[in-house]
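Everything on this sheet refers to the single structure shown next.
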Amino acid sequence: MDTVCEEKVFNAIFKSNSKTIFNYIYYKYGNEEKAYVAVQEAFVKLWENCAKVAPEKAKAFVYKVANNLYLNVLKAEKVRLKYAENAPKLSQESPEFLLEEKEFKDKLDRALNSLPENQRTVFLLNRIDGKKYAEIADMEGVSVKAIEKRMHLALKSLRSQIDGI
């Protein structure tokens, strides 16, 4: 019987889940560096507890541990979603267009930051990562109906704050 203590099993769990868990923690709390650390530490905890965790429970274990680690780090910090800007792009666009684009991005950032954490997480997991509601419900430990409600509220809030979406 395969166990998480076998390197090939552990590696398979890591490869198939680490990016999604990272995105989940990052979208939920908005800090890339701390999300990365939480995910790495969660996989270390999985390895340390490999004899106690069945392979089919490993994904849930790592989600829970990463989330708890991040909550411990977060404590009283204010949550703020930030986007990493890629290398500056050379553009043929007019200065007016670039200014409007920046203003729209700023407005979108403010609107996303104003969403409650659970709505922002659902919105980003669905719209950026392409996760289905059922997958998100599994990650969050709630019903698909709850995810649908969160998405509805997120979209309603974003539409009210941003013209043209």
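Letters for chains follow the order of the structure tokens (A, B, ...), residue numbers begin at 1 for each chain, and ligand numbers begin at 1 in the order shown.
Proximity to stretch 3-7 of chain A at 12 Å, evaluated using only C-alpha atoms and with sequence-adjacent residues fewer than 6 positions away removed, yields Ile13, Phe14, Lys15, Phe43, Val44, Lys45, Leu46, Trp47, Glu48, Asn49, Cys50, Ala51, Lys52, Val53, Ala54, Pro55, Glu56, Lys57, Ala58, Lys59 and Phe61 of chain A.
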Could you write those residues out with N, CA, C and O atoms, as a CSV table (one decimal), in the first residue's frame?
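Printed below is part08.csv as written:
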chain,number,residue,atom,x,y,z
A,13,ILE,N,1.9,14.2,-4.8
A,13,ILE,CA,0.9,15.1,-4.1
A,13,ILE,C,1.4,16.6,-4.2
A,13,ILE,O,0.6,17.5,-4.5
A,14,PHE,N,2.7,16.8,-4.1
A,14,PHE,CA,3.2,18.1,-4.2
A,14,PHE,C,3.0,18.7,-5.6
A,14,PHE,O,2.5,19.8,-5.7
A,15,LYS,N,3.4,18.0,-6.6
A,15,LYS,CA,3.2,18.5,-8.0
A,15,LYS,C,1.8,18.7,-8.3
A,15,LYS,O,1.5,19.7,-9.0
A,43,PHE,N,3.8,21.7,3.4
A,43,PHE,CA,4.3,20.4,2.8
A,43,PHE,C,5.4,19.8,3.7
A,43,PHE,O,5.5,18.6,3.8
A,44,VAL,N,6.1,20.7,4.4
A,44,VAL,CA,7.1,20.1,5.4
A,44,VAL,C,6.3,19.4,6.5
A,44,VAL,O,6.7,18.3,6.9
A,45,LYS,N,5.3,20.0,7.0
A,45,LYS,CA,4.4,19.4,8.0
A,45,LYS,C,3.9,18.0,7.5
A,45,LYS,O,3.8,17.1,8.3
A,46,LEU,N,3.5,18.0,6.2
A,46,LEU,CA,2.9,16.8,5.7
A,46,LEU,C,4.0,15.7,5.7
A,46,LEU,O,3.8,14.6,6.1
A,47,TRP,N,5.2,16.1,5.3
A,47,TRP,CA,6.3,15.1,5.3
A,47,TRP,C,6.6,14.6,6.7
A,47,TRP,O,6.8,13.5,7.0
A,48,GLU,N,6.6,15.6,7.7
A,48,GLU,CA,6.9,15.2,9.1
A,48,GLU,C,5.8,14.3,9.7
A,48,GLU,O,6.0,13.5,10.6
A,49,ASN,N,4.6,14.4,9.1
A,49,ASN,CA,3.4,13.6,9.6
A,49,ASN,C,3.0,12.5,8.6
A,49,ASN,O,1.9,12.1,8.6
A,50,CYS,N,3.9,12.2,7.7
A,50,CYS,CA,3.6,11.3,6.5
A,50,CYS,C,3.0,10.0,7.0
A,50,CYS,O,2.1,9.5,6.3
A,51,ALA,N,3.4,9.4,8.1
A,51,ALA,CA,2.9,8.1,8.5
A,51,ALA,C,1.5,8.3,9.0
A,51,ALA,O,0.7,7.3,9.1
A,52,LYS,N,1.1,9.5,9.4
A,52,LYS,CA,-0.3,9.7,10.0
A,52,LYS,C,-1.3,10.1,9.0
A,52,LYS,O,-2.5,10.1,9.3
A,53,VAL,N,-0.9,10.5,7.8
A,53,VAL,CA,-1.8,11.1,6.8
A,53,VAL,C,-1.9,10.1,5.6
A,53,VAL,O,-0.9,9.8,5.0
A,54,ALA,N,-3.2,9.7,5.4
A,54,ALA,CA,-3.4,8.8,4.2
A,54,ALA,C,-3.3,9.6,2.9
A,54,ALA,O,-3.6,10.8,2.9
A,55,PRO,N,-2.8,9.0,1.8
A,55,PRO,CA,-2.6,9.8,0.6
A,55,PRO,C,-3.8,10.5,0.1
A,55,PRO,O,-3.8,11.6,-0.3
A,56,GLU,N,-5.0,9.9,0.3
A,56,GLU,CA,-6.2,10.5,-0.2
A,56,GLU,C,-6.7,11.7,0.7
A,56,GLU,O,-7.5,12.5,0.4
A,57,LYS,N,-6.1,11.8,1.9
A,57,LYS,CA,-6.4,12.9,2.8
A,57,LYS,C,-5.3,14.0,2.8
A,57,LYS,O,-5.4,15.0,3.5
A,58,ALA,N,-4.2,13.7,2.0
A,58,ALA,CA,-3.1,14.6,2.1
A,58,ALA,C,-3.4,16.0,1.5
A,58,ALA,O,-3.0,17.0,2.1
A,59,LYS,N,-4.2,16.1,0.5
A,59,LYS,CA,-4.6,17.4,-0.1
A,59,LYS,C,-5.3,18.3,0.9
A,59,LYS,O,-5.0,19.4,1.2
A,61,PHE,N,-5.3,17.9,4.1
A,61,PHE,CA,-4.3,18.2,5.2
A,61,PHE,C,-3.5,19.4,4.9
A,61,PHE,O,-3.4,20.4,5.7
TODO: Compile the contact shell of A:Gly141 as number ranges by chain: residues with an atom at most 12 Å away, counting only C-alpha atoms, same-chain residues fewer than 6 positions apart removed.
DONE: A: 60, 63-64, 118, 133-135, 147
I need the residues from that last selection saved to file as a PDB file, in the first residue's frame (with C-alpha atoms), if you can.
ATOM      1  CA  ALA A  60      -7.075  18.417   2.601  1.00  0.00           C
ATOM      2  CA  TYR A  63      -4.912  23.048   2.640  1.00  0.00           C
ATOM      3  CA  LYS A  64      -5.824  23.141   6.314  1.00  0.00           C
ATOM      4  CA  ASN A 118     -14.609  35.005   1.147  1.00  0.00           C
ATOM      5  CA  TYR A 133     -17.730  26.218  -8.081  1.00  0.00           C
ATOM      6  CA  ALA A 134     -17.608  22.600  -6.848  1.00  0.00           C
ATOM      7  CA  GLU A 135     -13.800  22.743  -6.560  1.00  0.00           C
ATOM      8  CA  ILE A 147     -20.097  29.624  -3.420  1.00  0.00           C
TER       9      ILE A 147
END
Task: All residues 12 Å or closer to A:Val122, only C-alpha atoms, same chain fewer than 2 positions away omitted, as a PyMOL selection string - done: chain A and resi 23-25+27-28+112+115-120+124-140+142+144+146-155
Residues at most 9 Å from A:Ser18, counting only C-alpha atoms, excluding those fewer than 6 positions away in the same chain, as a PDB file with all heavy atoms, in the first residue's frame?
ATOM      1  N   VAL A  39       2.723  27.612   2.242  1.00  0.00           N
ATOM      2  CA  VAL A  39       2.576  26.379   1.459  1.00  0.00           C
ATOM      3  C   VAL A  39       3.803  25.484   1.653  1.00  0.00           C
ATOM      4  O   VAL A  39       3.668  24.269   1.860  1.00  0.00           O
ATOM      5  CB  VAL A  39       2.337  26.691  -0.037  1.00  0.00           C
ATOM      6  CG1 VAL A  39       2.390  25.425  -0.878  1.00  0.00           C
ATOM      7  CG2 VAL A  39       0.990  27.384  -0.214  1.00  0.00           C
ATOM      8  N   GLN A  40       4.981  26.081   1.610  1.00  0.00           N
ATOM      9  CA  GLN A  40       6.201  25.279   1.810  1.00  0.00           C
ATOM     10  C   GLN A  40       6.191  24.630   3.198  1.00  0.00           C
ATOM     11  O   GLN A  40       6.494  23.448   3.340  1.00  0.00           O
ATOM     12  CB  GLN A  40       7.453  26.150   1.637  1.00  0.00           C
ATOM     13  CG  GLN A  40       7.676  26.639   0.224  1.00  0.00           C
ATOM     14  CD  GLN A  40       7.812  25.505  -0.770  1.00  0.00           C
ATOM     15  OE1 GLN A  40       8.532  24.549  -0.554  1.00  0.00           O
ATOM     16  NE2 GLN A  40       7.089  25.607  -1.867  1.00  0.00           N
ATOM     17  N   PHE A  43       3.781  21.685   3.415  1.00  0.00           N
ATOM     18  CA  PHE A  43       4.305  20.440   2.843  1.00  0.00           C
ATOM     19  C   PHE A  43       5.385  19.828   3.728  1.00  0.00           C
ATOM     20  O   PHE A  43       5.508  18.601   3.795  1.00  0.00           O
ATOM     21  CB  PHE A  43       4.790  20.656   1.406  1.00  0.00           C
ATOM     22  CG  PHE A  43       3.675  20.550   0.404  1.00  0.00           C
ATOM     23  CD1 PHE A  43       3.099  21.694  -0.125  1.00  0.00           C
ATOM     24  CD2 PHE A  43       3.178  19.319   0.013  1.00  0.00           C
ATOM     25  CE1 PHE A  43       2.047  21.600  -1.028  1.00  0.00           C
ATOM     26  CE2 PHE A  43       2.129  19.212  -0.888  1.00  0.00           C
ATOM     27  CZ  PHE A  43       1.564  20.357  -1.412  1.00  0.00           C
ATOM     28  N   VAL A  62      -2.928  19.467   3.696  1.00  0.00           N
ATOM     29  CA  VAL A  62      -2.054  20.581   3.319  1.00  0.00           C
ATOM     30  C   VAL A  62      -2.851  21.886   3.225  1.00  0.00           C
ATOM     31  O   VAL A  62      -2.375  22.936   3.659  1.00  0.00           O
ATOM     32  CB  VAL A  62      -1.288  20.281   2.011  1.00  0.00           C
ATOM     33  CG1 VAL A  62      -0.455  21.467   1.579  1.00  0.00           C
ATOM     34  CG2 VAL A  62      -0.380  19.071   2.195  1.00  0.00           C
TER      35      VAL A  62
END
Set the distance at 10 Å and use only C-alpha atoms: which residues neighbour A:Lys34 once local chain neighbours fewer than 5 positions away are removed? I'd like the list as a PDB file with N, CA and C atoms, in the first residue's frame.
ATOM      1  N   PHE A  22      -1.111  27.263  -3.260  1.00  0.00           N
ATOM      2  CA  PHE A  22      -0.480  28.587  -3.212  1.00  0.00           C
ATOM      3  C   PHE A  22      -1.477  29.659  -3.664  1.00  0.00           C
ATOM      4  N   ILE A  25      -4.220  30.322  -1.051  1.00  0.00           N
ATOM      5  CA  ILE A  25      -3.746  31.124   0.087  1.00  0.00           C
ATOM      6  C   ILE A  25      -3.461  32.566  -0.357  1.00  0.00           C
ATOM      7  N   TYR A  26      -2.849  32.713  -1.521  1.00  0.00           N
ATOM      8  CA  TYR A  26      -2.522  34.057  -2.025  1.00  0.00           C
ATOM      9  C   TYR A  26      -3.790  34.870  -2.277  1.00  0.00           C
ATOM     10  N   TYR A  29      -5.542  35.793   1.093  1.00  0.00           N
ATOM     11  CA  TYR A  29      -4.899  36.743   2.007  1.00  0.00           C
ATOM     12  C   TYR A  29      -4.102  37.850   1.328  1.00  0.00           C
ATOM     13  N   VAL A  39       2.723  27.612   2.242  1.00  0.00           N
ATOM     14  CA  VAL A  39       2.576  26.379   1.459  1.00  0.00           C
ATOM     15  C   VAL A  39       3.803  25.484   1.653  1.00  0.00           C
ATOM     16  N   GLN A  40       4.981  26.081   1.610  1.00  0.00           N
ATOM     17  CA  GLN A  40       6.201  25.279   1.810  1.00  0.00           C
ATOM     18  C   GLN A  40       6.191  24.630   3.198  1.00  0.00           C
ATOM     19  N   LEU A  69      -1.371  28.041   9.129  1.00  0.00           N
ATOM     20  CA  LEU A  69      -0.069  28.708   9.231  1.00  0.00           C
ATOM     21  C   LEU A  69      -0.192  30.179   8.832  1.00  0.00           C
ATOM     22  N   TYR A  70      -0.928  30.407   7.766  1.00  0.00           N
ATOM     23  CA  TYR A  70      -1.067  31.790   7.327  1.00  0.00           C
ATOM     24  C   TYR A  70      -1.844  32.615   8.348  1.00  0.00           C
ATOM     25  N   VAL A  73       0.432  33.666  11.000  1.00  0.00           N
ATOM     26  CA  VAL A  73       1.329  34.738  10.579  1.00  0.00           C
ATOM     27  C   VAL A  73       0.556  36.054  10.464  1.00  0.00           C
ATOM     28  N   LEU A  74      -0.642  35.966   9.949  1.00  0.00           N
ATOM     29  CA  LEU A  74      -1.448  37.138   9.673  1.00  0.00           C
ATOM     30  C   LEU A  74      -1.787  37.941  10.919  1.00  0.00           C
TER      31      LEU A  74
END
- [ ] Enumerate the residues of stretch 5-140 of chain A with a DSSP assignment of alpha helix (DSSP H), computed from the backbone, and present them as a VMD selection string.
- [x] chain A and resid 7 to 29 32 to 48 58 to 74 95 to 114 117 to 127 133 to 140
Open item on the list: Just the number, please: distance in Å from atom CA of A:Ala38 to atom CA of A:Asn67, one decimal.
Closed with: 7.5 Å
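Atom CA of A:Ser94 to atom CA of A:Arg159 spans 26.8 Å [interatomic distance, one decimal].
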